[in-house]
Structure formats: structure tokens, C-alpha cells
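What follows is a short report on a single structure.
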Amino acid sequence: ATPTSVMVGTGRAASLGVLFKSGAALEALQRADVIALDKTGTLTLGRPELTDLILTGQYDAAALTLIAAAERGSEHPVAQAILTAARAEGLTLPGATAFQALPGEGIEATVNGQRVWVGSDRLMTRLGLNVAPLTAQTDALADLGRTPLYAAVDGHIIAALAVADPIKPGSLEAVQAIQSSGRRVVMITGDHARTAQAVARQLGITDVRAEVHPAQKSAAVKELQAAGQHVAFVGDGINDAPALAQADVGVAIGTGTDVAAETAGVILMSGDLRGVPNAVALSRATLTNIR
Ligand code: ADP
Ligand code: MG
């Protein structure tokens, strides 16, 4: 592509909120045969709400207070959901100390002299705790597309929780448009496998890589490339800058983060996923014009 042609193409794109950072990015998007999508914040709003709290009998009245206090140090959307719910209940939260984020798993902190853990079933299993008595209930919640979590205090599971992160308007249409163009859609997420499958089902996505640790997202992209495919990775930048960089072209969606904007070759100004098939169509039209 000549620089002039790319400028023409990107000028038209810019009016649609699509920024191609280079002619190479435009070409790579046109050539992509797999569009890999992050789930949280990309296919979904990225603003989960606490929908369920199942208490196991210990600390009943105080459970949400302990859990929310422990989450205070976390910037994860899950923590925001729990803190918003605690605030809505009018709870007064004690301070927490020795907070530690456990990437891809959850958090731990000390509240009122007790060590509190909040996170996935895998975290609980790693701690040697048995979630089995709760899985009939949590599996049913995950099948609704909600993310199941557990809280433990001093070696006992005190609660199961679920948060729901609604699918963005436009995501279904966008996935269908990408698939109609003959490209494969793959979801890559750190979320629970059952939850990811339920969300994927609602979007007509059959290829799902779930429970992918933040550090492993780029490896998942590499694996797709090893099969000889040209991969575009679409993400909002939370946890996924390395995957954006590893892909043949990275597409940053929404307000995103500075890291995402730096790493990506294509930037979608709006959070609407329909920007992806629009950008693909633009790349095609532009390169067809040039050739
Ligand atoms: P995602 O791809 O959904 O952004 P993450 O790698 O950020 O995935 O998180 C994976 C999982 O780790 C979450 O689904 C949740 O179970 C758990 N987790 C992460 N952060 C927290 C937290 N602050 N509190 C509880 N659980 C958390
Ligand atoms: Mg995300």
C-alpha cells in the first residue's frame, strides 16, 4: 500500500471511530482468518454486579462485611461489584491489612485479625478447601453466564458468590458479521469454563479457551498462530497487552488503557464490538481500492 492510499483509507475509518496505526496493521487485519476476543470488557460490559450470595452458616451476618473489606485493595471489576453491593447494604467496612492480589485467582487480606480469601474454585482447591458441597448451586449460576466465586476464612468456606457481567449490545451482531465474512471467532478468557461456555453459547461462539491465566493469554494466541492462522486479537487492555502484542494485529476496544493503545495496531474509539467487523470491511475495501 502506498502511504497516500493508506491515509485515504484511514481518513474514512477515522470518521467511523477506527484508527489504523499503520498500513501494516490495515493489511494484517484484512488478512486475519481468526478473530480472537477477550470476554470481560470486550464482549461484555466489564462492569459486573453481585447477583448471588450463598452463606454456609459461619459468619452469616458478617460474611459480606469480611469479604468486601478484604476486596478493598483490589482494582478488579469483581471487587468493584462486591464493594458496590456492600455499600448498597449500608455496611461499614473495617480496614484490611496484608492485602495480596492473586492474579487470575482472587485476593487475600487480613480483616479483624482473620485471613480472608476470595476467588475462584481453583484458588479454593489450591488452598485445600472442598467446594463440592456448593457446586450444585454454583454450576447452575455459571450456566446462566454468571461468574461463581468463593470466600474462605481461616480454612473454612464461608460463602459462595456470583457476579453477572452483561453482554454488550451489539456483540451478538458483531460476532455474526465476523462469522459471515468467513472468519473464525475464538473467545479467550480467564473466567470460569462453565461461565465462559454459557456466554459463548449466547453469542454463537463455539471455540472457547477459558480459565486462561493473565500471563498465558499471549500463549493462547501463539497456539492459534502455530496452526498457521493469521490472528487478530481484540481486547480492552486489562490483562491482555501481551496478547495484543503477540497477535498479527492487536485491536484495542473502547476507552481502553494507555498500554492497549500503545500495543495495538488498530484502535476502536467506541466500546461497541460492531467496530470490529466495520474495521475488517474497511481494511478490505481500502486494500481492494489500492490493488
Ligand atoms: P478475566 O479474563 O475475566 O478478566 P482474570 O484473569 O482477571 O479474568 O480473573 C480470572 C478469575 O480470577 C475471575 O473470574 C475470578 O474468579 C478470579 N478473580 C480475579 N480477581 C478477583 C478478585 N479481586 N476477587 C475475587 N476473584 C477474583
Ligand atoms: Mg478484558
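In the C-alpha cells, the first chain shown is A, the next is B, and so on; residue numbers restart at 1 for each chain, and ligands run from 1 in the order shown.
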Compile the contact shell of Asp258 in chain A as a PDB file with C-alpha atoms, in the first residue's frame: residues with an atom at most 12 Å away, counting only C-alpha atoms, same-chain residues fewer than 5 positions apart removed.
```
ATOM      1  CA  ASP A 236      -9.873  -3.794  26.232  1.00  0.00           C
ATOM      2  CA  GLY A 237      -6.322  -3.914  27.549  1.00  0.00           C
ATOM      3  CA  ILE A 238      -6.992  -5.135  31.080  1.00  0.00           C
ATOM      4  CA  ALA A 241      -1.494  -6.208  26.406  1.00  0.00           C
ATOM      5  CA  ALA A 252      -7.877  -2.175  21.286  1.00  0.00           C
ATOM      6  CA  ILE A 253     -11.550  -1.555  22.004  1.00  0.00           C
ATOM      7  CA  THR A 263       0.415  -2.079  21.850  1.00  0.00           C
ATOM      8  CA  ALA A 264      -2.475  -2.319  19.396  1.00  0.00           C
ATOM      9  CA  ILE A 267      -7.845   1.338  17.935  1.00  0.00           C
TER      10      ILE A 267
END
```
What's the 12 Å shell around Leu19 in chain A, counting only C-alpha atoms, without same-chain residues fewer than 5 positions away, as a PyMOL selection string? chain A and resi 6-7+9-14+25-26+250-254+261+264-270+275-276+278-280+282-283
Which chains and residue numbers are within 12 Å of ligand 2, counting only C-alpha atoms and all ligand atoms, if I want them as a VMD selection string? chain A and resid 37 to 48 76 to 77 165 187 to 191 214 217 233 to 241 243 to 244 252 to 257 260 271
Those residues you just picked out, can you put them in a file as a short mmCIF file (atom, residue, chain, number, x, y, z; two decimals), in the first residue's frame with N, CA and C atoms?
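Contents of selection.cif, as written:
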```
data_model
loop_
_atom_site.label_atom_id
_atom_site.label_comp_id
_atom_site.auth_asym_id
_atom_site.auth_seq_id
_atom_site.Cartn_x
_atom_site.Cartn_y
_atom_site.Cartn_z
N LEU A 37 -11.13 -13.01 20.70
CA LEU A 37 -11.73 -11.96 21.52
C LEU A 37 -11.59 -12.24 23.00
N ASP A 38 -11.18 -11.24 23.73
CA ASP A 38 -11.22 -11.27 25.18
C ASP A 38 -12.71 -11.21 25.57
N LYS A 39 -13.09 -11.78 26.69
CA LYS A 39 -14.51 -11.73 27.08
C LYS A 39 -14.84 -10.49 27.90
N THR A 40 -14.20 -10.39 29.09
CA THR A 40 -14.58 -9.34 30.04
C THR A 40 -14.19 -7.95 29.53
N GLY A 41 -15.16 -7.10 29.33
CA GLY A 41 -14.88 -5.74 28.88
C GLY A 41 -14.80 -5.60 27.37
N THR A 42 -14.80 -6.76 26.68
CA THR A 42 -14.75 -6.72 25.22
C THR A 42 -16.10 -7.21 24.66
N LEU A 43 -16.45 -8.46 24.97
CA LEU A 43 -17.77 -8.99 24.60
C LEU A 43 -18.83 -8.56 25.62
N THR A 44 -18.38 -8.39 26.87
CA THR A 44 -19.30 -7.97 27.94
C THR A 44 -18.96 -6.54 28.38
N LEU A 45 -19.83 -5.97 29.18
CA LEU A 45 -19.64 -4.56 29.59
C LEU A 45 -18.39 -4.35 30.44
N GLY A 46 -17.98 -5.40 31.16
CA GLY A 46 -16.82 -5.24 32.04
C GLY A 46 -17.17 -4.56 33.35
N ARG A 47 -18.47 -4.47 33.64
CA ARG A 47 -18.93 -3.89 34.91
C ARG A 47 -19.89 -4.87 35.59
N PRO A 48 -19.33 -5.94 36.20
CA PRO A 48 -20.19 -6.95 36.80
C PRO A 48 -20.93 -6.44 38.03
N HIS A 76 -9.80 -5.07 40.58
CA HIS A 76 -10.50 -5.96 39.65
C HIS A 76 -11.99 -5.62 39.62
N PRO A 77 -12.65 -5.70 38.45
CA PRO A 77 -14.09 -5.41 38.37
C PRO A 77 -14.92 -6.25 39.35
N ASP A 165 -21.95 -10.14 34.44
CA ASP A 165 -21.42 -9.06 33.60
C ASP A 165 -22.16 -9.13 32.26
N MET A 187 -13.02 -17.22 21.64
CA MET A 187 -13.05 -16.45 22.89
C MET A 187 -11.89 -16.90 23.79
N ILE A 188 -11.15 -15.93 24.32
CA ILE A 188 -10.07 -16.24 25.27
C ILE A 188 -10.35 -15.49 26.56
N THR A 189 -10.46 -16.21 27.68
CA THR A 189 -10.86 -15.56 28.94
C THR A 189 -10.25 -16.24 30.17
N GLY A 190 -10.09 -15.47 31.20
CA GLY A 190 -9.63 -16.01 32.47
C GLY A 190 -10.78 -16.54 33.30
N ASP A 191 -11.99 -16.33 32.82
CA ASP A 191 -13.17 -16.69 33.60
C ASP A 191 -13.37 -18.21 33.66
N PRO A 214 -3.80 -14.69 33.24
CA PRO A 214 -3.41 -13.47 32.53
C PRO A 214 -2.08 -13.62 31.76
N LYS A 217 -2.42 -15.60 28.21
CA LYS A 217 -3.27 -15.20 27.08
C LYS A 217 -2.48 -15.10 25.78
N PHE A 233 -6.23 -10.12 17.60
CA PHE A 233 -6.73 -10.24 18.98
C PHE A 233 -7.39 -8.93 19.37
N VAL A 234 -8.62 -9.02 19.87
CA VAL A 234 -9.37 -7.84 20.28
C VAL A 234 -9.51 -7.83 21.79
N GLY A 235 -9.06 -6.75 22.44
CA GLY A 235 -9.16 -6.68 23.89
C GLY A 235 -9.27 -5.25 24.39
N ASP A 236 -9.73 -5.13 25.64
CA ASP A 236 -9.87 -3.79 26.23
C ASP A 236 -8.62 -3.38 26.98
N GLY A 237 -7.63 -4.28 27.00
CA GLY A 237 -6.32 -3.91 27.55
C GLY A 237 -6.10 -4.35 28.97
N ILE A 238 -7.19 -4.66 29.72
CA ILE A 238 -6.99 -5.14 31.08
C ILE A 238 -6.53 -6.58 31.00
N ASN A 239 -5.31 -6.85 31.42
CA ASN A 239 -4.70 -8.19 31.38
C ASN A 239 -4.23 -8.62 30.00
N ASP A 240 -4.55 -7.87 28.93
CA ASP A 240 -4.26 -8.50 27.65
C ASP A 240 -3.31 -7.76 26.72
N ALA A 241 -2.50 -6.87 27.24
CA ALA A 241 -1.49 -6.21 26.41
C ALA A 241 -0.54 -7.20 25.73
N ALA A 243 -1.14 -10.25 24.77
CA ALA A 243 -1.87 -10.92 23.69
C ALA A 243 -2.05 -9.98 22.50
N LEU A 244 -2.32 -8.70 22.79
CA LEU A 244 -2.44 -7.70 21.72
C LEU A 244 -1.13 -7.61 20.94
N ALA A 252 -7.47 -2.67 19.96
CA ALA A 252 -7.88 -2.18 21.29
C ALA A 252 -9.27 -1.57 21.18
N ILE A 253 -10.15 -1.98 22.10
CA ILE A 253 -11.55 -1.55 22.00
C ILE A 253 -11.95 -0.70 23.20
N GLY A 254 -12.74 0.32 22.91
CA GLY A 254 -13.29 1.15 23.99
C GLY A 254 -12.28 2.17 24.49
N THR A 255 -12.58 2.78 25.62
CA THR A 255 -11.67 3.77 26.17
C THR A 255 -10.30 3.13 26.37
N GLY A 256 -10.32 1.84 26.74
CA GLY A 256 -9.10 1.06 26.87
C GLY A 256 -8.11 1.68 27.82
N THR A 257 -6.93 1.13 27.83
CA THR A 257 -5.87 1.65 28.67
C THR A 257 -4.79 2.19 27.76
N ALA A 260 -2.86 -0.57 26.10
CA ALA A 260 -3.55 -1.19 24.98
C ALA A 260 -3.39 -0.33 23.73
N GLY A 271 -16.74 1.43 22.46
CA GLY A 271 -16.66 0.10 23.04
C GLY A 271 -17.52 -0.90 22.30
#
```
Which neighbours of Ala88 in chain A fall inside 12 Å, counting only C-alpha atoms, when residues of the same chain fewer than 3 positions from it are skipped, and could you give them as a PyMOL selection string? chain A and resi 49-50+64-65+68+81-85+91-92
From the set A:Gln30, A:Ser180, A:Ser120, A:Gln80, which residue has the shortest atom-to-atom contact distance to Pro103 in chain A, counting only C-alpha atoms?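 Comparing A:Gln30, A:Ser180, A:Ser120, A:Gln80 against Pro103 in chain A, the winner is A:Ser120.
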According to DSSP computed on the backbone, where in range 34-136 of chain A is there strand (DSSP E or B)? Give the residues as a count of residues only. 32
Report as a PyMOL selection string all protein, DNA and RNA residues lying within 12 Å of Arg126 in chain A, evaluated on only C-alpha atoms, omitting residues in the same chain fewer than 2 positions from it. chain A and resi 102+105-106+117+119-124+128-131+155
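Distance-wise, atom 17 (C, counted along the ligand's line) of ligand 1 and CA of Val199 in chain A end up 16.7 Å apart.
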Give the answer as one residue: which of A:Arg184, A:Lys21, A:His156, A:Arg201 has the shortest atom-to-atom distance to Leu144 in chain A, using only C-alpha atoms? A:Arg201
